[in-house]
$ cat target01.pdb   # PDB, C-alpha atoms
ATOM      1  CA  MET A   1       9.380  14.507  -5.888
ATOM      2  CA  SER A   2       6.200  12.449  -5.851
ATOM      3  CA  GLU A   3       4.000  13.999  -3.192
ATOM      4  CA  VAL A   4       0.367  12.936  -3.572
ATOM      5  CA  ARG A   5      -2.299  15.641  -3.459
ATOM      6  CA  VAL A   6      -5.991  14.804  -3.341
ATOM      7  CA  ARG A   7      -8.778  17.393  -3.513
ATOM      8  CA  ASN A   8     -12.509  16.627  -3.321
ATOM      9  CA  LEU A   9     -12.071  13.054  -4.548
ATOM     10  CA  SER A  10     -15.364  11.196  -4.909
ATOM     11  CA  LEU A  11     -16.507   7.890  -6.335
ATOM     12  CA  ALA A  12     -19.900   6.192  -6.245
ATOM     13  CA  TYR A  13     -20.997   2.659  -7.042
ATOM     14  CA  GLY A  14     -24.673   3.123  -7.863
ATOM     15  CA  ALA A  15     -26.270   4.860  -4.890
ATOM     16  CA  THR A  16     -23.335   4.016  -2.596
ATOM     17  CA  LYS A  17     -20.583   6.587  -2.149
ATOM     18  CA  ALA A  18     -17.274   4.751  -1.812
ATOM     19  CA  LEU A  19     -15.408   8.072  -1.516
ATOM     20  CA  ASP A  20     -17.141  11.269  -0.520
ATOM     21  CA  ASP A  21     -15.264  14.536  -1.100
ATOM     22  CA  VAL A  22     -11.909  13.361   0.304
ATOM     23  CA  SER A  23      -9.020  15.845   0.448
ATOM     24  CA  LEU A  24      -5.514  15.119   1.752
ATOM     25  CA  ASP A  25      -1.795  15.432   1.089
ATOM     26  CA  PHE A  26       0.960  12.999   1.890
ATOM     27  CA  PRO A  27       4.528  14.089   1.192
ATOM     28  CA  ASP A  28       7.776  12.292   0.550
ATOM     29  CA  GLY A  29       9.639  10.774   3.470
ATOM     30  CA  GLN A  30       6.623  10.065   5.670
ATOM     31  CA  LEU A  31       4.700   6.942   6.613
ATOM     32  CA  PHE A  32       0.919   7.354   6.679
ATOM     33  CA  GLY A  33      -1.459   4.764   8.088
ATOM     34  CA  LEU A  34      -4.841   4.603   6.325
ATOM     35  CA  LEU A  35      -7.448   3.330   8.763
ATOM     36  CA  GLY A  36     -11.154   2.676   8.983
ATOM     37  CA  PRO A  37     -13.683  -0.119   9.433
ATOM     38  CA  SER A  38     -14.374  -2.587   6.625
ATOM     39  CA  GLY A  39     -16.179  -0.892   3.745
ATOM     40  CA  SER A  40     -15.025   2.587   4.754
ATOM     41  CA  GLY A  41     -13.274   3.252   1.422
ATOM     42  CA  LYS A  42      -9.631   2.553   2.298
ATOM     43  CA  THR A  43      -8.896   0.244  -0.632
ATOM     44  CA  THR A  44     -10.825   2.495  -3.007
ATOM     45  CA  LEU A  45      -8.755   5.515  -1.965
ATOM     46  CA  LEU A  46      -5.516   3.565  -2.302
ATOM     47  CA  ARG A  47      -6.446   2.313  -5.781
ATOM     48  CA  ALA A  48      -7.497   5.810  -6.836
ATOM     49  CA  CYS A  49      -4.115   7.180  -5.745
ATOM     50  CA  ALA A  50      -2.472   4.396  -7.761
ATOM     51  CA  GLY A  51      -4.336   5.580 -10.872
ATOM     52  CA  LEU A  52      -6.495   2.462 -11.113
ATOM     53  CA  LEU A  53      -9.879   4.188 -10.849
ATOM     54  CA  PRO A  54     -10.170   6.690 -13.720
ATOM     55  CA  GLU A  55     -13.862   7.155 -12.962
ATOM     56  CA  ALA A  56     -13.074   8.889  -9.648
ATOM     57  CA  THR A  57     -13.870  12.618  -9.773
ATOM     58  CA  GLY A  58     -11.957  15.482  -8.190
ATOM     59  CA  ASP A  59      -8.353  16.638  -8.374
ATOM     60  CA  LEU A  60      -5.601  14.052  -7.956
ATOM     61  CA  THR A  61      -1.888  14.457  -8.628
ATOM     62  CA  LEU A  62       1.073  12.165  -8.034
ATOM     63  CA  GLY A  63       4.490  13.571  -8.798
ATOM     64  CA  GLY A  64       2.874  16.456 -10.618
ATOM     65  CA  VAL A  65       0.758  14.291 -12.939
ATOM     66  CA  ASP A  66      -2.777  12.936 -12.775
ATOM     67  CA  PRO A  67      -2.356   9.155 -12.370
ATOM     68  CA  ARG A  68      -5.773   8.592 -13.956
ATOM     69  CA  GLN A  69      -4.478  10.066 -17.210
ATOM     70  CA  THR A  70      -0.882   8.856 -17.152
ATOM     71  CA  ALA A  71       0.523   5.979 -19.197
ATOM     72  CA  PRO A  72       1.280   2.835 -17.168
ATOM     73  CA  GLU A  73       4.990   2.936 -18.025
ATOM     74  CA  LYS A  74       5.223   6.482 -16.650
ATOM     75  CA  LEU A  75       3.272   5.566 -13.515
ATOM     76  CA  ALA A  76       5.608   2.626 -12.932
ATOM     77  CA  GLN A  77       8.448   5.135 -12.582
ATOM     78  CA  LEU A  78       6.546   7.062  -9.901
ATOM     79  CA  ARG A  79       4.786   4.547  -7.700
ATOM     80  CA  ALA A  80       4.591   0.917  -6.581
ATOM     81  CA  TYR A  81       1.278  -0.618  -5.486
ATOM     82  CA  ALA A  82       0.431  -3.911  -3.800
ATOM     83  CA  PRO A  83      -3.196  -5.070  -3.363
ATOM     84  CA  GLN A  84      -4.368  -6.926  -0.290
ATOM     85  CA  HIS A  85      -4.948 -10.153  -2.238
ATOM     86  CA  PRO A  86      -2.415 -10.317  -5.099
ATOM     87  CA  THR A  87      -3.062 -12.899  -7.793
ATOM     88  CA  SER A  88      -1.221 -14.310 -10.779
ATOM     89  CA  ALA A  89      -2.728 -15.570 -14.027
ATOM     90  CA  TRP A  90      -0.020 -18.242 -14.236
ATOM     91  CA  ASP A  91       1.329 -20.687 -11.686
ATOM     92  CA  TYR A  92       4.886 -19.372 -11.830
ATOM     93  CA  THR A  93       7.779 -20.647  -9.816
ATOM     94  CA  LEU A  94       9.395 -17.953  -7.688
ATOM     95  CA  ALA A  95      12.288 -17.837 -10.144
ATOM     96  CA  GLU A  96       9.859 -17.271 -13.015
ATOM     97  CA  LEU A  97       7.955 -14.624 -11.050
ATOM     98  CA  GLY A  98      11.219 -12.752 -10.670
ATOM     99  CA  THR A  99      11.496 -12.417 -14.437
ATOM    100  CA  LEU A 100       8.478 -10.069 -14.301
ATOM    101  CA  ALA A 101      10.424  -7.628 -12.133
ATOM    102  CA  SER A 102      12.082  -4.603 -13.702
ATOM    103  CA  SER A 103      15.289  -5.814 -12.050
ATOM    104  CA  ALA A 104      15.840  -9.525 -11.426
ATOM    105  CA  ALA A 105      18.661  -8.659  -9.022
ATOM    106  CA  GLU A 106      16.340  -6.429  -6.987
ATOM    107  CA  PHE A 107      13.734  -9.191  -6.852
ATOM    108  CA  ARG A 108      16.314 -11.685  -5.585
ATOM    109  CA  HIS A 109      17.394  -9.162  -2.965
ATOM    110  CA  TRP A 110      13.852  -8.870  -1.602
ATOM    111  CA  GLN A 111      13.244 -12.600  -1.939
ATOM    112  CA  GLU A 112      16.227 -13.200   0.322
ATOM    113  CA  ARG A 113      15.324 -10.357   2.668
ATOM    114  CA  PHE A 114      11.847 -11.831   3.187
ATOM    115  CA  GLY A 115      13.197 -15.347   3.771
ATOM    116  CA  LEU A 116      12.133 -16.911   0.466
ATOM    117  CA  HIS A 117      15.606 -17.758  -0.823
ATOM    118  CA  GLU A 118      15.113 -21.515  -0.335
ATOM    119  CA  LEU A 119      11.807 -21.555  -2.239
ATOM    120  CA  THR A 120      13.032 -20.414  -5.649
ATOM    121  CA  ALA A 121      11.931 -23.598  -7.448
ATOM    122  CA  ARG A 122       8.489 -23.708  -5.782
ATOM    123  CA  LYS A 123       5.374 -22.797  -7.715
ATOM    124  CA  LEU A 124       3.028 -20.183  -6.299
ATOM    125  CA  SER A 125       0.382 -22.888  -5.739
ATOM    126  CA  GLU A 126       2.863 -24.769  -3.561
ATOM    127  CA  LEU A 127       3.455 -21.838  -1.229
ATOM    128  CA  SER A 128       1.501 -20.901   1.873
ATOM    129  CA  GLY A 129      -0.719 -17.835   1.758
ATOM    130  CA  GLY A 130       1.901 -15.829   3.639
ATOM    131  CA  GLU A 131       4.685 -16.970   1.324
ATOM    132  CA  ARG A 132       2.679 -15.985  -1.753
ATOM    133  CA  LYS A 133       2.058 -12.600  -0.160
ATOM    134  CA  LEU A 134       5.786 -12.148   0.382
ATOM    135  CA  ALA A 135       6.549 -13.221  -3.178
ATOM    136  CA  HIS A 136       4.298 -10.484  -4.548
ATOM    137  CA  LEU A 137       5.644  -7.955  -2.041
ATOM    138  CA  SER A 138       9.115  -8.802  -3.350
ATOM    139  CA  LEU A 139       7.856  -7.721  -6.780
ATOM    140  CA  THR A 140       6.411  -4.517  -5.344
ATOM    141  CA  PHE A 141       9.534  -3.473  -3.464
ATOM    142  CA  SER A 142      11.750  -4.374  -6.418
ATOM    143  CA  ALA A 143       9.521  -2.190  -8.632
ATOM    144  CA  LEU A 144       9.996   0.699  -6.188
ATOM    145  CA  GLY A 145      13.774   0.493  -6.628
ATOM    146  CA  ASP A 146      15.421   3.664  -5.333
ATOM    147  CA  ALA A 147      12.702   4.868  -2.974
ATOM    148  CA  TYR A 148      13.645   8.556  -3.005
ATOM    149  CA  GLY A 149      10.847  10.636  -4.480
ATOM    150  CA  LYS A 150       8.630   7.599  -5.151
ATOM    151  CA  VAL A 151       5.209   6.630  -3.778
ATOM    152  CA  LEU A 152       4.597   3.275  -2.103
ATOM    153  CA  LEU A 153       0.948   2.180  -1.758
ATOM    154  CA  LEU A 154       0.279  -0.996   0.242
ATOM    155  CA  ASP A 155      -3.059  -2.599   1.116
ATOM    156  CA  GLU A 156      -2.876  -4.721   4.299
ATOM    157  CA  PRO A 157       0.716  -5.812   3.576
ATOM    158  CA  THR A 158       1.101  -7.965   6.700
ATOM    159  CA  THR A 159      -2.147  -9.938   6.366
ATOM    160  CA  ALA A 160      -1.464 -13.712   6.547
ATOM    161  CA  LEU A 161       2.114 -13.187   7.750
ATOM    162  CA  ASP A 162       3.579 -14.634  10.922
ATOM    163  CA  LEU A 163       5.065 -12.256  13.502
ATOM    164  CA  CYS A 164       8.632 -12.601  12.259
ATOM    165  CA  ARG A 165       7.850 -11.895   8.610
ATOM    166  CA  ALA A 166       5.367  -9.160   9.477
ATOM    167  CA  GLU A 167       8.245  -7.472  11.301
ATOM    168  CA  LEU A 168      10.482  -7.858   8.223
ATOM    169  CA  VAL A 169       7.838  -6.208   6.042
ATOM    170  CA  GLY A 170       7.289  -3.475   8.621
ATOM    171  CA  ARG A 171      11.002  -2.688   8.616
ATOM    172  CA  ALA A 172      11.030  -2.543   4.810
ATOM    173  CA  ILE A 173       8.091  -0.134   4.848
ATOM    174  CA  ARG A 174       9.781   2.180   7.333
ATOM    175  CA  ALA A 175      13.073   2.008   5.461
ATOM    176  CA  SER A 176      11.282   3.111   2.284
ATOM    177  CA  ALA A 177       9.878   6.176   4.058
ATOM    178  CA  GLN A 178      13.260   6.965   5.599
ATOM    179  CA  ALA A 179      14.810   6.711   2.122
ATOM    180  CA  GLY A 180      12.447   9.426   0.867
ATOM    181  CA  ALA A 181       9.313   7.668  -0.371
ATOM    182  CA  ALA A 182       5.795   8.818   0.400
ATOM    183  CA  VAL A 183       4.248   5.711   1.940
ATOM    184  CA  LEU A 184       0.530   5.057   2.436
ATOM    185  CA  VAL A 185      -0.464   1.773   4.087
ATOM    186  CA  CYS A 186      -3.998   0.465   4.631
ATOM    187  CA  SER A 187      -4.253  -1.397   7.915
ATOM    188  CA  HIS A 188      -6.730  -2.655  10.495
ATOM    189  CA  ASP A 189      -4.000  -2.718  13.147
ATOM    190  CA  LEU A 190      -4.502   0.346  15.341
ATOM    191  CA  ALA A 191      -1.482  -0.524  17.493
ATOM    192  CA  TRP A 192       0.758  -0.507  14.418
ATOM    193  CA  ALA A 193      -0.879   2.677  13.123
ATOM    194  CA  ARG A 194       0.102   4.487  16.318
ATOM    195  CA  THR A 195       3.743   4.073  15.249
ATOM    196  CA  CYS A 196       3.181   5.949  11.956
ATOM    197  CA  GLU A 197       4.062   9.627  11.561
ATOM    198  CA  ARG A 198       0.476  10.391  10.606
ATOM    199  CA  VAL A 199      -2.818   8.550  10.235
ATOM    200  CA  LEU A 200      -5.870   9.076   8.054
ATOM    201  CA  VAL A 201      -9.206   7.673   9.230
ATOM    202  CA  LEU A 202     -12.067   6.997   6.814
ATOM    203  CA  SER A 203     -15.668   6.246   7.709
ATOM    204  CA  GLU A 204     -18.374   5.668   5.094
ATOM    205  CA  GLY A 205     -16.147   7.153   2.416
ATOM    206  CA  ARG A 206     -15.395  10.358   4.286
ATOM    207  CA  LEU A 207     -12.179  11.484   5.920
ATOM    208  CA  VAL A 208     -13.094  11.886   9.589
ATOM    209  CA  SER A 209      -9.666  12.382  11.146
ATOM    210  CA  ALA A 210      -6.108  13.126  10.050
ATOM    211  CA  GLY A 211      -2.907  13.949  11.878
ATOM    212  CA  PRO A 212      -0.401  12.454  14.291
ATOM    213  CA  PRO A 213      -1.772   9.297  15.966
ATOM    214  CA  SER A 214      -1.713  10.944  19.392
ATOM    215  CA  THR A 215      -4.296  13.507  18.297
ATOM    216  CA  ALA A 216      -6.072  11.761  15.394
ATOM    217  CA  LEU A 217      -6.769   8.437  17.133
ATOM    218  CA  THR A 218      -8.597   9.553  20.239
ATOM    219  CA  ALA A 219     -10.669   7.170  22.337
ATOM    220  CA  GLU A 220     -13.783   9.082  21.296
ATOM    221  CA  LEU A 221     -12.983   8.720  17.604
ATOM    222  CA  VAL A 222     -12.242   4.999  17.921
ATOM    223  CA  ARG A 223     -15.544   4.486  19.729
ATOM    224  CA  ALA A 224     -17.503   6.527  17.174
ATOM    225  CA  THR A 225     -15.825   4.931  14.129
ATOM    226  CA  TRP A 226     -15.382   1.305  15.175
ATOM    227  CA  GLY A 227     -17.971   1.092  17.935
ATOM    228  CA  VAL A 228     -15.501  -0.249  20.496
ATOM    229  CA  ALA A 229     -13.505   1.234  23.355
TER     230      ALA A 229
END

$ encode --input "target01.pdb" --output "structure tokens"
Amino acid sequence: MSEVRVRNLSLAYGATKALDDVSLDFPDGQLFGLLGPSGSGKTTLLRACAGLLPEATGDLTLGGVDPRQTAPEKLAQLRAYAPQHPTSAWDYTLAELGTLASSAAEFRHWQERFGLHELTARKLSELSGGERKLAHLSLTFSALGDAYGKVLLLDEPTTALDLCRAELVGRAIRASAQAGAAVLVCSHDLAWARTCERVLVLSEGRLVSAGPPSTALTAELVRATWGVA
């Protein structure tokens, strides 16, 4: 099982604390929404959980190992991560991008599921922003494979997507949690977050609220954290 446990996680960039003594757990089979205003530390926390910030201090385990000290090939067996703005060093066609997947068949499955099956010969530069996002999400979900006991970390996965494809991605996210993955999703969409099992709210690098949306996303908290009703 790949439950993520975080204890007193901190990270500073100069005098600015990106994460300030954050502690949390998120277990297998649940969908967590990670919320907060811009600059609150959401992406930093997600990247730390993915093992991409070895300079972060505190205790951090994923599937019983510290992702900061685990070989990439081992981490790839435990978690799948998608950044908000994925990039590629080469202008691959979709077919060529699929060759980077651990399973070409899995990539084709997700390519079809996300409505990209007619774009196989297109280069990434010839796709819309939303289509490129879906192409990289196809890689992420294909890397996850059998979701049971894995960790799925997604940063704003529906940004730049139309309503139909955002719904397709949302269904895939929920299916991964139902299949036994621990799923943590950064989002600015409070309405969507209210459909998660639990939410985590960051403000200025600190965890200010955690729990079911009905109790963790109160009107008072939203006003104090985002400055709006």

$ residues_around --input "target01.pdb" --residues "stretch 208-222 of chain A" --least-positions-apart "5" --cutoff "7 Å" --atoms "all atoms listed in the file" --output "list in words"
Arg194, Glu197, Arg198, Val199, Leu200, Val201, Leu202, Ser203, Gly227, Val228 and Ala229 of chain A

$ residues_around --input "target01.pdb" --residues "A:Leu52" --least-positions-apart "3" --cutoff "10 Å" --atoms "only C-alpha atoms" --output "list of chain:residue names"
A:Thr44, A:Leu45, A:Leu46, A:Arg47, A:Ala48, A:Cys49, A:Glu55, A:Ala56, A:Pro67, A:Arg68, A:Gln69, A:Pro72

$ closest_residue --input "target01.pdb" --among "A:Glu106, A:Glu3, A:Asp155, A:Asp146" --to "A:Ser187" --atoms "all atoms listed in the file"
A:Asp155

$ resolve_selection --input "target01.pdb" --expression "the PyMOL selection byres ((chain A and resi 76) around 12)" --output "tab-separated table (two decimals) with C-alpha atoms, in the coordinates of the input"
chain	number	residue	atom	x	y	z
A	50	ALA	CA	-2.47	4.40	-7.76
A	51	GLY	CA	-4.34	5.58	-10.87
A	62	LEU	CA	1.07	12.16	-8.03
A	63	GLY	CA	4.49	13.57	-8.80
A	67	PRO	CA	-2.36	9.15	-12.37
A	70	THR	CA	-0.88	8.86	-17.15
A	71	ALA	CA	0.52	5.98	-19.20
A	72	PRO	CA	1.28	2.84	-17.17
A	73	GLU	CA	4.99	2.94	-18.02
A	74	LYS	CA	5.22	6.48	-16.65
A	75	LEU	CA	3.27	5.57	-13.52
A	77	GLN	CA	8.45	5.14	-12.58
A	78	LEU	CA	6.55	7.06	-9.90
A	79	ARG	CA	4.79	4.55	-7.70
A	80	ALA	CA	4.59	0.92	-6.58
A	81	TYR	CA	1.28	-0.62	-5.49
A	101	ALA	CA	10.42	-7.63	-12.13
A	102	SER	CA	12.08	-4.60	-13.70
A	140	THR	CA	6.41	-4.52	-5.34
A	141	PHE	CA	9.53	-3.47	-3.46
A	142	SER	CA	11.75	-4.37	-6.42
A	143	ALA	CA	9.52	-2.19	-8.63
A	144	LEU	CA	10.00	0.70	-6.19
A	145	GLY	CA	13.77	0.49	-6.63
A	150	LYS	CA	8.63	7.60	-5.15
A	151	VAL	CA	5.21	6.63	-3.78
A	152	LEU	CA	4.60	3.28	-2.10

$ residues_around --input "target01.pdb" --residues "A:Gly205" --least-positions-apart "3" --cutoff "12 Å" --atoms "only C-alpha atoms" --output "mmCIF file with C-alpha atoms, keeping the file's coordinate frame"
data_model
loop_
_atom_site.group_PDB
_atom_site.id
_atom_site.type_symbol
_atom_site.label_atom_id
_atom_site.label_comp_id
_atom_site.auth_asym_id
_atom_site.auth_seq_id
_atom_site.Cartn_x
_atom_site.Cartn_y
_atom_site.Cartn_z
ATOM 1 C CA ASN A 8 -12.509 16.627 -3.321
ATOM 2 C CA LEU A 9 -12.071 13.054 -4.548
ATOM 3 C CA SER A 10 -15.364 11.196 -4.909
ATOM 4 C CA LEU A 11 -16.507 7.890 -6.335
ATOM 5 C CA ALA A 12 -19.900 6.192 -6.245
ATOM 6 C CA TYR A 13 -20.997 2.659 -7.042
ATOM 7 C CA THR A 16 -23.335 4.016 -2.596
ATOM 8 C CA LYS A 17 -20.583 6.587 -2.149
ATOM 9 C CA ALA A 18 -17.274 4.751 -1.812
ATOM 10 C CA LEU A 19 -15.408 8.072 -1.516
ATOM 11 C CA ASP A 20 -17.141 11.269 -0.520
ATOM 12 C CA ASP A 21 -15.264 14.536 -1.100
ATOM 13 C CA VAL A 22 -11.909 13.361 0.304
ATOM 14 C CA SER A 23 -9.020 15.845 0.448
ATOM 15 C CA LEU A 35 -7.448 3.330 8.763
ATOM 16 C CA GLY A 36 -11.154 2.676 8.983
ATOM 17 C CA PRO A 37 -13.683 -0.119 9.433
ATOM 18 C CA SER A 38 -14.374 -2.587 6.625
ATOM 19 C CA GLY A 39 -16.179 -0.892 3.745
ATOM 20 C CA SER A 40 -15.025 2.587 4.754
ATOM 21 C CA GLY A 41 -13.274 3.252 1.422
ATOM 22 C CA LYS A 42 -9.631 2.553 2.298
ATOM 23 C CA THR A 43 -8.896 0.244 -0.632
ATOM 24 C CA THR A 44 -10.825 2.495 -3.007
ATOM 25 C CA LEU A 45 -8.755 5.515 -1.965
ATOM 26 C CA LEU A 200 -5.870 9.076 8.054
ATOM 27 C CA VAL A 201 -9.206 7.673 9.230
ATOM 28 C CA LEU A 202 -12.067 6.997 6.814
ATOM 29 C CA VAL A 208 -13.094 11.886 9.589
ATOM 30 C CA THR A 225 -15.825 4.931 14.129
#

$ resolve_selection --input "target01.pdb" --expression "the PyMOL selection byres ((chain A and resi 136) around 12)" --output "PyMOL selection string"
chain A and resi 80-88+92-94+97-98+100-101+107+110-111+114+116+124+127+129-135+137-143+154+157-158+169

$ write_last_selection --input "target01.pdb" --atoms "C-alpha atoms" --output "CSV table (one decimal), in the coordinates of the input"
chain,number,residue,atom,x,y,z
A,80,ALA,CA,4.6,0.9,-6.6
A,81,TYR,CA,1.3,-0.6,-5.5
A,82,ALA,CA,0.4,-3.9,-3.8
A,83,PRO,CA,-3.2,-5.1,-3.4
A,84,GLN,CA,-4.4,-6.9,-0.3
A,85,HIS,CA,-4.9,-10.2,-2.2
A,86,PRO,CA,-2.4,-10.3,-5.1
A,87,THR,CA,-3.1,-12.9,-7.8
A,88,SER,CA,-1.2,-14.3,-10.8
A,92,TYR,CA,4.9,-19.4,-11.8
A,93,THR,CA,7.8,-20.6,-9.8
A,94,LEU,CA,9.4,-18.0,-7.7
A,97,LEU,CA,8.0,-14.6,-11.0
A,98,GLY,CA,11.2,-12.8,-10.7
A,100,LEU,CA,8.5,-10.1,-14.3
A,101,ALA,CA,10.4,-7.6,-12.1
A,107,PHE,CA,13.7,-9.2,-6.9
A,110,TRP,CA,13.9,-8.9,-1.6
A,111,GLN,CA,13.2,-12.6,-1.9
A,114,PHE,CA,11.8,-11.8,3.2
A,116,LEU,CA,12.1,-16.9,0.5
A,124,LEU,CA,3.0,-20.2,-6.3
A,127,LEU,CA,3.5,-21.8,-1.2
A,129,GLY,CA,-0.7,-17.8,1.8
A,130,GLY,CA,1.9,-15.8,3.6
A,131,GLU,CA,4.7,-17.0,1.3
A,132,ARG,CA,2.7,-16.0,-1.8
A,133,LYS,CA,2.1,-12.6,-0.2
A,134,LEU,CA,5.8,-12.1,0.4
A,135,ALA,CA,6.5,-13.2,-3.2
A,137,LEU,CA,5.6,-8.0,-2.0
A,138,SER,CA,9.1,-8.8,-3.4
A,139,LEU,CA,7.9,-7.7,-6.8
A,140,THR,CA,6.4,-4.5,-5.3
A,141,PHE,CA,9.5,-3.5,-3.5
A,142,SER,CA,11.8,-4.4,-6.4
A,143,ALA,CA,9.5,-2.2,-8.6
A,154,LEU,CA,0.3,-1.0,0.2
A,157,PRO,CA,0.7,-5.8,3.6
A,158,THR,CA,1.1,-8.0,6.7
A,169,VAL,CA,7.8,-6.2,6.0

$ atom_distance --input "target01.pdb" --atom1 "atom CA of A:Ala182" --atom2 "atom CA of A:Cys196"
12.2 Å

$ closest_residue --input "target01.pdb" --among "A:Ala193, A:Leu207, A:Val6, A:Tyr148" --to "A:Ser176" --atoms "only C-alpha atoms"
A:Tyr148

$ atom_distance --input "target01.pdb" --atom1 "atom CA of A:Asp59" --atom2 "atom CA of A:Arg5"
7.9 Å
